[in-house]
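For reference, target_11.cif (mmCIF, C-alpha atoms):
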data_target
loop_
_atom_site.label_atom_id
_atom_site.label_comp_id
_atom_site.auth_asym_id
_atom_site.auth_seq_id
_atom_site.Cartn_x
_atom_site.Cartn_y
_atom_site.Cartn_z
CA MET A 1 0.00 0.00 0.00
CA ILE A 2 1.15 3.54 -0.70
CA ALA A 3 0.82 6.00 2.16
CA TRP A 4 -1.37 9.06 1.82
CA PRO A 5 0.95 12.01 1.13
CA ARG A 6 1.54 13.87 4.39
CA ARG A 7 4.79 15.54 3.51
CA GLY A 8 4.36 19.31 3.67
CA ARG A 9 1.08 19.18 5.56
CA LEU A 10 2.65 20.72 8.66
CA TRP A 11 4.11 23.55 6.59
CA LEU A 12 0.72 24.13 5.01
CA LEU A 13 -0.97 24.36 8.41
CA VAL A 14 1.71 26.69 9.77
CA GLY A 15 1.58 28.84 6.65
CA GLN A 16 -2.22 29.11 6.69
CA ALA A 17 -2.20 30.02 10.38
CA ALA A 18 0.47 32.67 9.72
CA CYS A 19 -1.55 34.12 6.84
CA LEU A 20 -4.72 34.31 8.94
CA ALA A 21 -2.81 35.88 11.83
CA THR A 22 -1.30 38.44 9.43
CA ILE A 23 -4.75 39.36 8.12
CA VAL A 24 -6.16 39.76 11.62
CA LEU A 25 -3.16 41.84 12.74
CA ALA A 26 -3.42 44.00 9.62
CA GLY A 27 -7.08 44.64 10.43
CA ARG A 28 -6.20 45.65 13.97
CA ALA A 29 -3.31 47.84 12.83
CA SER A 30 -5.46 49.59 10.25
CA ALA A 31 -8.06 50.33 12.92
CA GLU A 32 -5.45 52.33 14.81
CA ARG A 33 -4.81 54.63 11.84
CA ALA A 34 -6.93 57.74 11.65
CA SER A 35 -6.79 58.25 7.88
CA ALA A 36 -7.63 55.98 4.98
CA GLY A 37 -4.33 56.90 3.36
CA GLY A 38 -2.32 55.44 6.23
CA GLN A 39 -4.36 52.22 6.10
CA GLY A 40 -3.43 51.44 2.52
CA VAL A 41 -0.29 49.59 3.48
CA TRP A 42 -2.25 47.33 5.84
CA VAL A 43 -4.78 46.60 3.14
CA ALA A 44 -1.90 45.57 0.90
CA VAL A 45 -0.44 43.37 3.64
CA ALA A 46 -3.80 41.66 4.22
CA VAL A 47 -4.43 41.07 0.51
CA ALA A 48 -0.90 39.72 0.07
CA ALA A 49 -1.43 37.31 2.98
CA ALA A 50 -4.73 36.14 1.45
CA LEU A 51 -3.03 35.58 -1.92
CA ILE A 52 -0.21 33.60 -0.28
CA SER A 53 -2.82 31.52 1.54
CA ALA A 54 -4.64 30.82 -1.73
CA ALA A 55 -1.38 29.89 -3.44
CA GLY A 56 -0.53 27.49 -0.61
CA ASN A 57 -3.94 25.87 -0.94
CA GLY A 58 -3.47 25.52 -4.67
CA VAL A 59 -0.04 23.93 -4.33
CA TRP A 60 -1.32 21.49 -1.71
CA LEU A 61 -4.34 20.44 -3.77
CA GLY A 62 -2.15 20.10 -6.85
CA THR A 63 0.22 17.82 -4.95
CA LEU A 64 -2.66 15.63 -3.76
CA ARG A 65 -4.21 15.50 -7.22
CA ARG A 66 -0.94 14.47 -8.83
CA ALA A 67 -0.46 11.75 -6.22
CA ALA A 68 -4.04 10.49 -6.67
CA ASN A 69 -3.72 10.50 -10.47
CA GLY A 70 -0.51 8.49 -10.30
CA ARG A 71 -2.08 6.02 -7.92
CA ARG A 72 -5.22 5.69 -10.06
CA GLN A 73 -3.11 5.07 -13.14
CA ARG A 74 -1.11 2.40 -11.33
CA VAL A 75 -4.24 0.58 -10.15
CA PHE A 76 -5.86 0.76 -13.59
CA THR A 77 -2.69 -0.57 -15.18
CA ARG A 78 -2.70 -3.53 -12.81
CA LEU A 79 -6.40 -4.13 -13.44
CA ALA A 80 -5.88 -4.03 -17.20
CA GLY A 81 -2.94 -6.41 -16.89
CA LYS A 82 -5.03 -8.85 -14.88
CA ALA A 83 -7.86 -8.68 -17.40
CA ARG A 84 -5.44 -9.60 -20.22
CA GLU A 85 -3.81 -12.53 -18.40
CA PRO A 86 -4.49 -15.96 -19.87
CA HIS A 87 -6.72 -18.12 -17.73
CA LEU A 88 -6.96 -21.81 -17.36
CA PRO A 89 -9.75 -23.49 -19.26
CA PRO A 90 -12.69 -24.31 -17.03
CA PRO A 91 -12.56 -27.77 -15.45
CA LYS A 92 -14.07 -30.51 -17.51
CA GLN A 93 -17.53 -31.40 -16.34
CA ALA A 94 -18.99 -34.81 -16.20
CA PRO A 95 -21.24 -35.53 -19.15
CA GLY A 96 -24.81 -34.68 -18.33
CA SER A 97 -23.98 -32.21 -15.57
CA PRO A 98 -25.73 -28.83 -15.76
CA ALA A 99 -22.50 -26.94 -16.44
CA ALA A 100 -21.53 -29.34 -19.18
CA ALA A 101 -24.93 -28.84 -20.69
CA GLY A 102 -24.16 -25.14 -20.95
CA GLU A 103 -26.65 -24.01 -18.39
CA GLY A 104 -23.99 -21.93 -16.56
CA VAL A 105 -25.57 -22.40 -13.14
CA GLN A 106 -22.55 -20.95 -11.32
CA ALA A 107 -22.32 -17.69 -13.20
CA VAL A 108 -23.61 -14.58 -11.47
CA MET A 109 -23.97 -10.95 -12.45
CA VAL A 110 -24.36 -7.71 -10.58
CA ALA A 111 -27.95 -6.55 -10.83
CA GLY A 112 -28.28 -3.94 -13.55
CA LEU A 113 -24.91 -4.71 -15.19
CA THR A 114 -24.10 -6.79 -18.24
CA LEU A 115 -21.15 -9.04 -17.41
CA ARG A 116 -21.39 -12.53 -15.94
CA HIS A 117 -18.76 -13.67 -13.45
CA ARG A 118 -17.68 -16.65 -11.44
CA PRO A 119 -19.12 -16.28 -7.92
CA ASP A 120 -15.59 -15.90 -6.50
CA CYS A 121 -14.55 -13.21 -8.99
CA PRO A 122 -13.09 -10.21 -7.09
CA LEU A 123 -15.01 -7.84 -9.33
CA VAL A 124 -18.29 -8.96 -7.72
CA ALA A 125 -16.93 -9.36 -4.18
CA GLY A 126 -19.23 -7.69 -1.70
CA LYS A 127 -21.83 -6.78 -4.31
CA ASP A 128 -25.41 -7.92 -4.61
CA VAL A 129 -25.41 -10.55 -7.32
CA VAL A 130 -28.14 -12.38 -9.15
CA PRO A 131 -27.96 -15.47 -11.37
CA ALA A 132 -26.53 -14.53 -14.75
CA THR A 133 -28.81 -14.37 -17.74
CA ALA A 134 -28.02 -16.27 -20.92
CA ASP A 135 -27.23 -13.13 -22.92
CA ALA A 136 -24.72 -11.73 -20.39
CA GLU A 137 -21.19 -11.31 -21.71
CA PRO A 138 -18.38 -13.17 -19.88
CA CYS A 139 -16.08 -11.22 -17.58
CA GLY A 140 -12.59 -10.77 -19.04
CA TRP A 141 -11.01 -11.41 -15.68
CA CYS A 142 -12.60 -14.59 -14.36
CA SER A 143 -13.70 -16.04 -17.73
CA PRO A 144 -16.80 -17.87 -16.45
CA MET B 1 -20.52 4.93 14.62
CA ASN B 2 -20.64 7.36 17.50
CA LEU B 3 -19.95 11.08 17.25
CA LYS B 4 -16.37 10.87 18.52
CA THR B 5 -15.42 8.20 15.99
CA TRP B 6 -17.12 10.11 13.20
CA LEU B 7 -15.33 13.33 14.15
CA SER B 8 -11.94 11.63 14.23
CA ALA B 9 -12.59 10.02 10.85
CA GLN B 10 -13.97 13.16 9.22
CA TRP B 11 -11.92 15.83 10.95
CA ASP B 12 -10.89 17.48 7.71
CA ARG B 13 -14.49 17.79 6.52
CA VAL B 14 -15.49 19.17 9.92
CA LEU B 15 -12.59 21.64 9.70
CA GLY B 16 -13.57 22.56 6.15
CA ALA B 17 -17.23 23.12 6.93
CA GLY B 18 -16.35 25.07 10.08
CA ALA B 19 -13.91 27.32 8.22
CA VAL B 20 -16.44 28.02 5.45
CA ILE B 21 -19.16 28.87 7.98
CA ILE B 22 -16.84 31.11 10.02
CA GLY B 23 -15.64 32.79 6.82
CA ALA B 24 -19.20 33.48 5.71
CA VAL B 25 -20.04 34.90 9.13
CA ALA B 26 -16.91 37.10 9.02
CA ILE B 27 -17.95 38.47 5.63
CA LEU B 28 -21.47 39.22 6.91
CA LEU B 29 -20.14 40.93 10.04
CA GLY B 30 -17.67 42.89 7.92
CA TYR B 31 -20.50 44.00 5.66
CA ARG B 32 -22.53 45.13 8.65
CA GLY B 33 -19.55 47.04 10.01
CA VAL B 34 -18.88 48.75 6.69
CA ALA B 35 -22.55 49.63 6.27
CA GLY B 36 -22.66 51.11 9.77
CA THR B 37 -20.24 53.97 9.15
CA PRO B 38 -19.85 56.51 6.34
CA PHE B 39 -16.11 57.07 6.98
CA PRO B 40 -13.63 55.09 4.83
CA ALA B 41 -11.07 55.10 7.65
CA GLU B 42 -13.56 53.20 9.80
CA GLN B 43 -14.68 50.93 6.98
CA ILE B 44 -11.26 49.63 5.93
CA PRO B 45 -10.61 47.60 9.13
CA TYR B 46 -13.94 45.85 8.56
CA VAL B 47 -12.97 45.14 4.96
CA ILE B 48 -9.67 43.60 6.10
CA SER B 49 -10.85 41.56 9.05
CA GLY B 50 -14.24 40.79 7.51
CA ALA B 51 -13.97 40.34 3.76
CA VAL B 52 -10.30 39.43 3.35
CA ALA B 53 -10.19 37.14 6.37
CA GLY B 54 -13.54 35.60 5.37
CA ILE B 55 -12.37 34.84 1.85
CA ALA B 56 -9.14 33.32 3.18
CA LEU B 57 -11.13 31.15 5.61
CA ILE B 58 -13.47 29.97 2.86
CA GLY B 59 -10.45 29.06 0.73
CA ILE B 60 -8.94 27.06 3.57
CA GLY B 61 -12.25 25.33 4.20
CA LEU B 62 -12.75 24.35 0.56
CA THR B 63 -9.17 23.09 0.38
CA SER B 64 -9.73 20.95 3.45
CA TRP B 65 -12.96 19.53 2.01
CA LEU B 66 -11.39 18.73 -1.37
CA SER B 67 -8.44 17.17 0.42
CA ALA B 68 -10.88 14.91 2.28
CA ASP B 69 -12.48 13.85 -1.02
CA LEU B 70 -9.08 12.94 -2.44
CA ARG B 71 -8.20 11.03 0.73
CA ASP B 72 -11.46 9.02 0.37
CA GLU B 73 -10.52 8.17 -3.20
CA TRP B 74 -7.10 7.11 -1.93
CA ARG B 75 -8.73 4.70 0.52
CA LYS B 76 -10.91 3.22 -2.21
CA LEU B 77 -7.80 2.66 -4.33
CA ASP B 78 -6.23 1.01 -1.27
CA ARG B 79 -9.16 -1.42 -1.11
CA ILE B 80 -8.91 -2.21 -4.82
CA GLU B 81 -5.18 -2.87 -4.53
CA HIS B 82 -5.83 -5.03 -1.50
CA LEU B 83 -8.24 -7.11 -3.60
CA LEU B 84 -5.66 -7.36 -6.36
CA GLU B 85 -2.85 -8.56 -4.13
CA PRO B 86 -3.94 -12.26 -3.91
CA CYS B 87 -4.17 -12.25 -7.70
CA ASP B 88 -0.59 -11.06 -8.09
CA ALA B 89 0.81 -14.54 -7.57
CA PRO B 90 2.10 -16.12 -10.80
CA PRO B 91 -0.80 -17.56 -12.76
CA LEU B 92 -1.34 -21.29 -12.53
CA THR B 93 -0.24 -23.42 -15.41
CA GLU B 94 -1.57 -26.68 -16.62
CA THR B 95 1.31 -28.55 -14.97
CA THR B 96 0.89 -26.95 -11.54
CA ALA B 97 -2.91 -26.88 -11.46
#

Kindly return the structure encoded in the file as structure tokens.
Amino acid sequence: MIAWPRRGRLWLLVGQAACLATIVLAGRASAERASAGGQGVWVAVAVAAALISAAGNGVWLGTLRRAANGRRQRVFTRLAGKAREPHLPPPKQAPGSPAAAGEGVQAVMVAGLTLRHRPDCPLVAGKDVVPATADAEPCGWCSP
Amino acid sequence: MNLKTWLSAQWDRVLGAGAVIIGAVAILLGYRGVAGTPFPAEQIPYVISGAVAGIALIGIGLTSWLSADLRDEWRKLDRIEHLLEPCDAPPLTETTA
């Protein structure tokens, strides 16, 4: 398993707290000035702190998104590789058995979907399954 | 799931929602302060500590919420990889089956 990216989270929290503190202090400092002209610098300080805060948020979300995209791609690559792997032919059934007769009694499908699976296929694990219909397409992974 | 467990599991969403609510309240209070005086020198502190601080808080809250969504996706990918792990053994062959 890959750990959720935590690197830099402390710096983000410290930076956001510093930006908020700067904005609050700028508001207090501007309240002590009698003229609007003297408050301009505090307005600039507050806006700069807000912009730095927004930039920090953007960098953090970008980092998380890149990590999640990489992870998603890795999982999808593994899934695609598994779906392409050759599978053993199904065990030979005794003549006259239901499976040998093509009735496919073991195949299941997730209600509302179109693929039929073996009951132990990981793609249906934990899902509500129903007996597969005759027109359902076979799963590329478990090859029912 | 009791409240304490839920809060510890969803702390970033709680933080995000709280920051957005506080930011919205700060903007409203800032607006009221600005509307209550005709003098720009008295309005500017409300603009800074109301509007600017409110917008910054809303940004922090939304970031925290989006971060929680990405963390949930990460956990789902964890579960999928966990399901894949037993299948990562070399495939059986006719001779070993």

Residues of chain B that approach chain A to 6 Å or less, counting only C-alpha atoms: could you list each one with the shortest pair of atoms and its distance in Å to one decimal, rows by chain and increasing residue number, as JSON lines?
{"residue": "B:Ala41", "atom": "CA", "partner": "A:Ala36", "partner_atom": "CA", "distance": 4.4}
{"residue": "B:Pro45", "atom": "CA", "partner": "A:Gly27", "partner_atom": "CA", "distance": 4.8}
{"residue": "B:Ile48", "atom": "CA", "partner": "A:Gly27", "partner_atom": "CA", "distance": 5.2}
{"residue": "B:Ser49", "atom": "CA", "partner": "A:Gly27", "partner_atom": "CA", "distance": 5.1}
{"residue": "B:Ala56", "atom": "CA", "partner": "A:Ala50", "partner_atom": "CA", "distance": 5.5}

Margin query: Evaluate the PyMOL selection byres ((chain B and resi 60) around 9) against this structure - the residues, as a list in words, please.
Written below: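 What the PyMOL selection byres ((chain B and resi 60) around 9) grabs from the file is Gln16, Ser53, Ala54 and Asn57 of chain A; Leu15, Gly16, Ala19, Val20, Ile55, Ala56, Leu57, Ile58, Gly59, Gly61, Leu62, Thr63, Ser64 and Trp65 of chain B.
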
I need the residues from that last selection saved to file as a PDB file, keeping the file's coordinate frame (with C-alpha atoms), if you can.
ATOM      1  CA  GLN A  16      -2.220  29.110   6.690  1.00  0.00           C
ATOM      2  CA  SER A  53      -2.820  31.520   1.540  1.00  0.00           C
ATOM      3  CA  ALA A  54      -4.640  30.820  -1.730  1.00  0.00           C
ATOM      4  CA  ASN A  57      -3.940  25.870  -0.940  1.00  0.00           C
TER       5      ASN A  57
ATOM      6  CA  LEU B  15     -12.590  21.640   9.700  1.00  0.00           C
ATOM      7  CA  GLY B  16     -13.570  22.560   6.150  1.00  0.00           C
ATOM      8  CA  ALA B  19     -13.910  27.320   8.220  1.00  0.00           C
ATOM      9  CA  VAL B  20     -16.440  28.020   5.450  1.00  0.00           C
ATOM     10  CA  ILE B  55     -12.370  34.840   1.850  1.00  0.00           C
ATOM     11  CA  ALA B  56      -9.140  33.320   3.180  1.00  0.00           C
ATOM     12  CA  LEU B  57     -11.130  31.150   5.610  1.00  0.00           C
ATOM     13  CA  ILE B  58     -13.470  29.970   2.860  1.00  0.00           C
ATOM     14  CA  GLY B  59     -10.450  29.060   0.730  1.00  0.00           C
ATOM     15  CA  GLY B  61     -12.250  25.330   4.200  1.00  0.00           C
ATOM     16  CA  LEU B  62     -12.750  24.350   0.560  1.00  0.00           C
ATOM     17  CA  THR B  63      -9.170  23.090   0.380  1.00  0.00           C
ATOM     18  CA  SER B  64      -9.730  20.950   3.450  1.00  0.00           C
ATOM     19  CA  TRP B  65     -12.960  19.530   2.010  1.00  0.00           C
TER      20      TRP B  65
END

Check: Quick one: which residues end up in the PyMOL selection byres ((chain B and resi 27) around 8) for this structure, as an NGL selection string?
Finding: :B and (23-26 or 28-31 or 50-51 or 53-55)

Next item on the list: Take CA of Glu137 (chain A) and CA of Asp78 (chain B) and report the distance between them in Å, one decimal.
Entry: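 Separation between CA of Glu137 (chain A) and CA of Asp78 (chain B): 28.2 Å.
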
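CA of Val124 (chain A) is found 8.6 Å from CA of Val108 (chain A).
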
Margin query: Could you tell me, as a ChimeraX atom specification, exactly which residues end up selected when the PyMOL selection byres ((chain A and resi 119-121) around 10) is applied to this structure?
Written below: /A:106-109,116-118,122-125,129-131,139,141-144

Next item on the list: Identify, on the basis of only C-alpha atoms, every residue whose closest approach to Val34 (chain B) does not exceed 8 Å; exclude the query and any residue fewer than 2 positions from it along the same chain; express the result as a ChimeraX atom specification.
Entry: /B:30-32,36-38,42-44,46-47

May I have the selected residues written with C-alpha atoms, as a PDB file, in the frame of the given file?
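The file below, out-v8.pdb, is the result:
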ATOM      1  CA  GLY B  30     -17.670  42.890   7.920  1.00  0.00           C
ATOM      2  CA  TYR B  31     -20.500  44.000   5.660  1.00  0.00           C
ATOM      3  CA  ARG B  32     -22.530  45.130   8.650  1.00  0.00           C
ATOM      4  CA  GLY B  36     -22.660  51.110   9.770  1.00  0.00           C
ATOM      5  CA  THR B  37     -20.240  53.970   9.150  1.00  0.00           C
ATOM      6  CA  PRO B  38     -19.850  56.510   6.340  1.00  0.00           C
ATOM      7  CA  GLU B  42     -13.560  53.200   9.800  1.00  0.00           C
ATOM      8  CA  GLN B  43     -14.680  50.930   6.980  1.00  0.00           C
ATOM      9  CA  ILE B  44     -11.260  49.630   5.930  1.00  0.00           C
ATOM     10  CA  TYR B  46     -13.940  45.850   8.560  1.00  0.00           C
ATOM     11  CA  VAL B  47     -12.970  45.140   4.960  1.00  0.00           C
TER      12      VAL B  47
END

Next item on the list: Work out how far CA of Trp11 (chain A) is from CA of Trp74 (chain B), in Å to one decimal.
Entry: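 Those two atoms sit 21.6 Å apart.
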